[in-house]
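**Q** Pasting a structure below so you can have a look.
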Amino acid sequence: MNAYEALKHGDSEALKGVDLPKDRPVVTVCNLGRTSLIAAEQLRERGLDAFTLAGGMKAWSLAWNTAEIELEKSKVWQVRRTGKGCLSYLVGSASEAVVVDSSLDAAVYVRLAAEHGWAIRYVLDTHMHSDHLSRSRALAESTGARLLLPAQGWHCFAFTPIEDGQTIGFGDSRLTAIASPGHTMESACYYLDRHALFTGDTLFISGVGCPDLHASVDETRQRARLLYRSLQRLFALPAHTLVLPGHTSEPPAFDRTPIAEGLDSISATLASWLHSEENFVAAIVNRIPPTPPNYLRIAELNQNGATPEGDVTDLEAGANRCAIS
């Protein structure tokens, strides 16, 4: 039943035929949270325990929650954009911290770091994102941190390139870059103290990154081969390594449970794909998802290091489509 127009026009009986259980709460949702507010009021008049999502789906796109991971030398805060599935990370060791793949306003990471007595020393991206705006440049500028990006030639602003095998130190911890081309040509993962691996959009809990969104069919095959070789390199790391991806396909629950998995478990899940390079390429090519909405515009903004003024939720609307599983 589509009651949207009737609700907008003030029809007091727009939801008359809707049959909903009275023994559990009901949440009404729309794009901006206005029409859904009317719906919730009508349902409450019928005796239902009804609420509305304030700000609608536009506000939900920027909603976030966190989960904590304790490691031997560091503490990791997984910062999750609930409506978008973006996962970013604040990693603290002693009195210093790094941020990986920031996708929320800089103030979020600054506040979380301050709560733990950490000074943000480095801000890193795993690759140039095309499904959401990177806030890494803004975060680095606001904190005085050094901005590290995988070495490449198309970002139009100053940054420090981080090369394959390069290690940075912060607090008592070390973070090592591992080049992982495939999803994008410059993609990199970051290996933390031989315990955890920030994989960006190269490797997920139950899938892998989609080869570059700008690629032709032949280029997709070539990049799938590169991705296969990158994954072989990652799976050669110790089996206990904890994989911390850059996205999740399901909205992260407000349960404080990290979205993470051991490298050995993921290897077992993907075993049939990884049987051979040819098998992997065929599996990838047959599962290419549609490109994300506005990805060209988002990529352009990230290339220029620009964040548009005002509301950007329409620009970033829609689920991420970076994974193949």
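Note on naming: chains are A, B, ... as they come in the structure tokens, residues start from 1 per chain, ligands start from 1 in the order shown.
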Pick out the residues sitting within 8 Å of Arg135 (chain A), and hand them over as a VMD selection string; count only C-alpha atoms, and ignore anything fewer than 2 positions along from it in its own chain.
**A** chain A and resid 101 to 106 133 137 to 139 307
**Q** Store the residues picked out above, limited to C-alpha atoms, as a short mmCIF file (atom, residue, chain, number, x, y, z; two decimals), in the first residue's frame.
**A**
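Contents of the output file selection30.cif:
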```
data_model
loop_
_atom_site.label_atom_id
_atom_site.label_comp_id
_atom_site.auth_asym_id
_atom_site.auth_seq_id
_atom_site.Cartn_x
_atom_site.Cartn_y
_atom_site.Cartn_z
CA ASP A 101 39.52 5.88 5.70
CA SER A 102 37.68 8.68 7.50
CA SER A 103 34.15 9.03 6.13
CA LEU A 104 32.55 11.25 8.79
CA ASP A 105 33.05 14.84 9.83
CA ALA A 106 36.51 15.49 11.27
CA LEU A 133 33.44 11.53 0.20
CA ARG A 137 42.21 15.83 3.95
CA ALA A 138 39.91 17.94 6.13
CA LEU A 139 40.78 15.84 9.19
CA THR A 307 34.02 18.69 0.25
#
```
**Q** Got a sec: who's within 6 Å of region 112-127 of chain A, counting only C-alpha atoms, leaving out chain neighbours fewer than 4 positions off, as a list in words?
**A**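 The residues that qualify are Ser95, Glu96, Ala97, Val98, Val99, Val100, Asp101, Ala145, Arg146, Leu147, Leu148, Leu149, Ser187, Ala188 and Gly200 of chain A.
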**Q** With N, CA and C atoms retained, could you export that selection as a short mmCIF file (atom, residue, chain, number, x, y, z; two decimals), in the first residue's frame?
**A**
```cif
data_model
loop_
_atom_site.label_atom_id
_atom_site.label_comp_id
_atom_site.auth_asym_id
_atom_site.auth_seq_id
_atom_site.Cartn_x
_atom_site.Cartn_y
_atom_site.Cartn_z
N SER A 95 50.05 7.61 23.51
CA SER A 95 49.34 8.90 23.45
C SER A 95 49.06 9.36 22.03
N GLU A 96 49.32 8.49 21.03
CA GLU A 96 49.18 8.90 19.64
C GLU A 96 48.17 8.01 18.90
N ALA A 97 47.68 8.54 17.78
CA ALA A 97 46.66 7.81 17.04
C ALA A 97 46.79 8.05 15.54
N VAL A 98 46.23 7.11 14.76
CA VAL A 98 46.08 7.27 13.32
C VAL A 98 44.61 7.05 12.99
N VAL A 99 44.17 7.60 11.88
CA VAL A 99 42.81 7.39 11.38
C VAL A 99 42.92 6.82 9.98
N VAL A 100 42.13 5.78 9.71
CA VAL A 100 42.14 5.12 8.40
C VAL A 100 40.76 5.27 7.76
N ASP A 101 40.73 5.78 6.52
CA ASP A 101 39.52 5.88 5.70
C ASP A 101 38.41 6.68 6.36
N ALA A 145 47.75 16.72 11.48
CA ALA A 145 48.31 15.39 11.24
C ALA A 145 48.89 15.31 9.83
N ARG A 146 49.76 14.35 9.61
CA ARG A 146 50.31 14.14 8.27
C ARG A 146 49.33 13.27 7.47
N LEU A 147 49.00 13.71 6.27
CA LEU A 147 48.09 12.97 5.38
C LEU A 147 48.91 12.03 4.51
N LEU A 148 48.66 10.72 4.66
CA LEU A 148 49.35 9.70 3.89
C LEU A 148 48.37 9.01 2.95
N LEU A 149 48.71 8.98 1.67
CA LEU A 149 47.88 8.31 0.68
C LEU A 149 48.76 7.39 -0.15
N SER A 187 45.34 0.90 -4.67
CA SER A 187 44.86 0.37 -3.39
C SER A 187 46.00 -0.17 -2.53
N ALA A 188 45.88 0.08 -1.23
CA ALA A 188 46.86 -0.43 -0.27
C ALA A 188 46.13 -0.90 0.98
N GLY A 200 40.61 -1.85 3.52
CA GLY A 200 39.88 -0.95 2.63
C GLY A 200 38.84 -1.71 1.83
#
```
**Q** List as a PDB file with N, CA and C atoms, in the first residue's frame the protein and nucleic acid residues near Val281 (chain A), meaning an atom at most 9 Å away when only C-alpha atoms are counted, but skip any in the same chain fewer than 4 places from it.
**A**
```pdb
ATOM      1  N   THR A 220      38.748  -4.904 -16.752  1.00  0.00           N
ATOM      2  CA  THR A 220      38.218  -5.584 -15.572  1.00  0.00           C
ATOM      3  C   THR A 220      38.923  -6.922 -15.374  1.00  0.00           C
ATOM      4  N   ARG A 221      39.114  -7.659 -16.458  1.00  0.00           N
ATOM      5  CA  ARG A 221      39.810  -8.952 -16.369  1.00  0.00           C
ATOM      6  C   ARG A 221      41.256  -8.749 -15.905  1.00  0.00           C
ATOM      7  N   GLN A 222      41.918  -7.758 -16.461  1.00  0.00           N
ATOM      8  CA  GLN A 222      43.304  -7.502 -16.072  1.00  0.00           C
ATOM      9  C   GLN A 222      43.397  -7.126 -14.594  1.00  0.00           C
ATOM     10  N   ARG A 223      42.466  -6.314 -14.146  1.00  0.00           N
ATOM     11  CA  ARG A 223      42.505  -5.868 -12.755  1.00  0.00           C
ATOM     12  C   ARG A 223      42.060  -6.977 -11.804  1.00  0.00           C
ATOM     13  N   ALA A 224      41.188  -7.857 -12.294  1.00  0.00           N
ATOM     14  CA  ALA A 224      40.831  -9.025 -11.486  1.00  0.00           C
ATOM     15  C   ALA A 224      42.057  -9.910 -11.262  1.00  0.00           C
ATOM     16  N   ARG A 225      42.912 -10.000 -12.269  1.00  0.00           N
ATOM     17  CA  ARG A 225      44.147 -10.768 -12.106  1.00  0.00           C
ATOM     18  C   ARG A 225      45.064 -10.105 -11.068  1.00  0.00           C
ATOM     19  N   TYR A 228      43.642 -10.847  -7.678  1.00  0.00           N
ATOM     20  CA  TYR A 228      43.954 -12.216  -7.260  1.00  0.00           C
ATOM     21  C   TYR A 228      45.361 -12.290  -6.666  1.00  0.00           C
ATOM     22  N   TRP A 273      36.828 -19.709  -4.836  1.00  0.00           N
ATOM     23  CA  TRP A 273      37.225 -18.652  -5.769  1.00  0.00           C
ATOM     24  C   TRP A 273      38.729 -18.662  -6.010  1.00  0.00           C
ATOM     25  N   SER A 276      42.220 -21.040  -8.361  1.00  0.00           N
ATOM     26  CA  SER A 276      43.155 -20.688  -9.432  1.00  0.00           C
ATOM     27  C   SER A 276      42.868 -19.265  -9.887  1.00  0.00           C
ATOM     28  N   GLU A 277      43.836 -18.663 -10.561  1.00  0.00           N
ATOM     29  CA  GLU A 277      43.645 -17.299 -11.059  1.00  0.00           C
ATOM     30  C   GLU A 277      42.514 -17.248 -12.072  1.00  0.00           C
ATOM     31  N   VAL A 285      34.167 -11.588 -12.891  1.00  0.00           N
ATOM     32  CA  VAL A 285      33.518 -11.021 -14.078  1.00  0.00           C
ATOM     33  C   VAL A 285      32.024 -11.331 -14.088  1.00  0.00           C
ATOM     34  N   ASN A 286      31.635 -12.477 -13.577  1.00  0.00           N
ATOM     35  CA  ASN A 286      30.219 -12.873 -13.569  1.00  0.00           C
ATOM     36  C   ASN A 286      29.417 -12.220 -12.456  1.00  0.00           C
TER      37      ASN A 286
END
```
**Q** Between CA of Asn294 (chain A) and CA of Met128 (chain A), what is the distance in Å, rounded to a tenth?
**A**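 Atom-to-atom, CA of Asn294 (chain A) to CA of Met128 (chain A), that is 14.5 Å.
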**Q** Find the spatial neighbours of region 202-207 of chain A, counting only C-alpha atoms, within a cut-off of 9 Å - ignore same-chain residues fewer than 6 positions away - and output them as a VMD selection string.
**A** chain A and resid 126 180 to 184 187 to 189 227 230 to 231 243 to 248 259 to 263 265 to 266 269 to 270 323 to 325
**Q** Just the residues within 12 Å of region 43-46 of chain A, please, counting only C-alpha atoms, with nothing from its chain fewer than 2 positions along; format it as a ChimeraX atom specification.
**A** /A:7,12-22,25-28,36-41,48-52
**Q** Please, what distance in Å, to one decimal, runs between CA of Asn302 (chain A) and CA of Ser134 (chain A)?
**A** 6.1 Å
**Q** Using DSSP on the backbone coordinates, identify the residues of region 160-212 of chain A assigned to strand (DSSP E or B); present them as a list in words.
**A** Thr160, Pro161, Ile162, Thr167, Ile168, Gly169, Phe170, Ser173, Arg174, Leu175, Thr176, Ala177, Ile178, Ala179, Ala188, Cys189, Tyr190, Tyr191, Leu192, Ala196, Leu197, Phe198, Thr199, Gly200, Leu203, Val208 and Gly209 of chain A
**Q** What is the CA of Asn65 (chain A)-CA of Ile162 (chain A) distance in Å, reported with one decimal?
**A**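 It comes out at 29.0 Å.
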**Q** From the options A:Ser88, A:Asn279, A:Ser93, A:Asn31, which residue's atoms come nearest to Ser136 (chain A), counting only C-alpha atoms?
**A** A:Ser88
**Q** What are the nearest atom pairs, with distances in Å to one decimal, for all residues of region 186-284 of chain A that come at most 10 Å from region 165-178 of chain A, using only C-alpha atoms, set out by chain and rising residue number as a Markdown table?
**A**
```
| residue | atom | partner | partner_atom | distance |
| --- | --- | --- | --- | --- |
| A:Ser187 | CA | A:Ile178 | CA | 8.8 |
| A:Ala188 | CA | A:Ile178 | CA | 5.4 |
| A:Cys189 | CA | A:Ile178 | CA | 5.1 |
| A:Tyr190 | CA | A:Ala177 | CA | 4.7 |
| A:Tyr191 | CA | A:Thr176 | CA | 5.0 |
| A:Leu192 | CA | A:Leu175 | CA | 4.6 |
| A:Asp193 | CA | A:Arg174 | CA | 5.5 |
| A:Arg194 | CA | A:Arg174 | CA | 8.7 |
| A:Ala196 | CA | A:Leu175 | CA | 9.5 |
| A:Leu197 | CA | A:Leu175 | CA | 9.2 |
| A:Phe198 | CA | A:Ala177 | CA | 9.6 |
| A:Thr199 | CA | A:Ile178 | CA | 9.4 |
| A:Ser230 | CA | A:Ile178 | CA | 9.0 |
| A:Arg233 | CA | A:Ile178 | CA | 8.8 |
| A:Leu234 | CA | A:Ile178 | CA | 8.4 |
```
**Q** Neighbouring residues of Arg321 (chain A) were defined as those with any atom within 7 Å, considering only C-alpha atoms; residues of the same chain fewer than 6 positions away were excluded. Please report them as a compact mmCIF listing (two decimals) with C-alpha atoms, in the first residue's frame.
**A**
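Generated file (selection25.txt):
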```
# COMPACT_ATOMS: atom_id res chain seq x y z
CA PRO A 289 27.58 -5.09 -9.51
CA THR A 291 28.22 1.21 -10.31
CA PRO A 292 27.40 3.36 -7.26
```
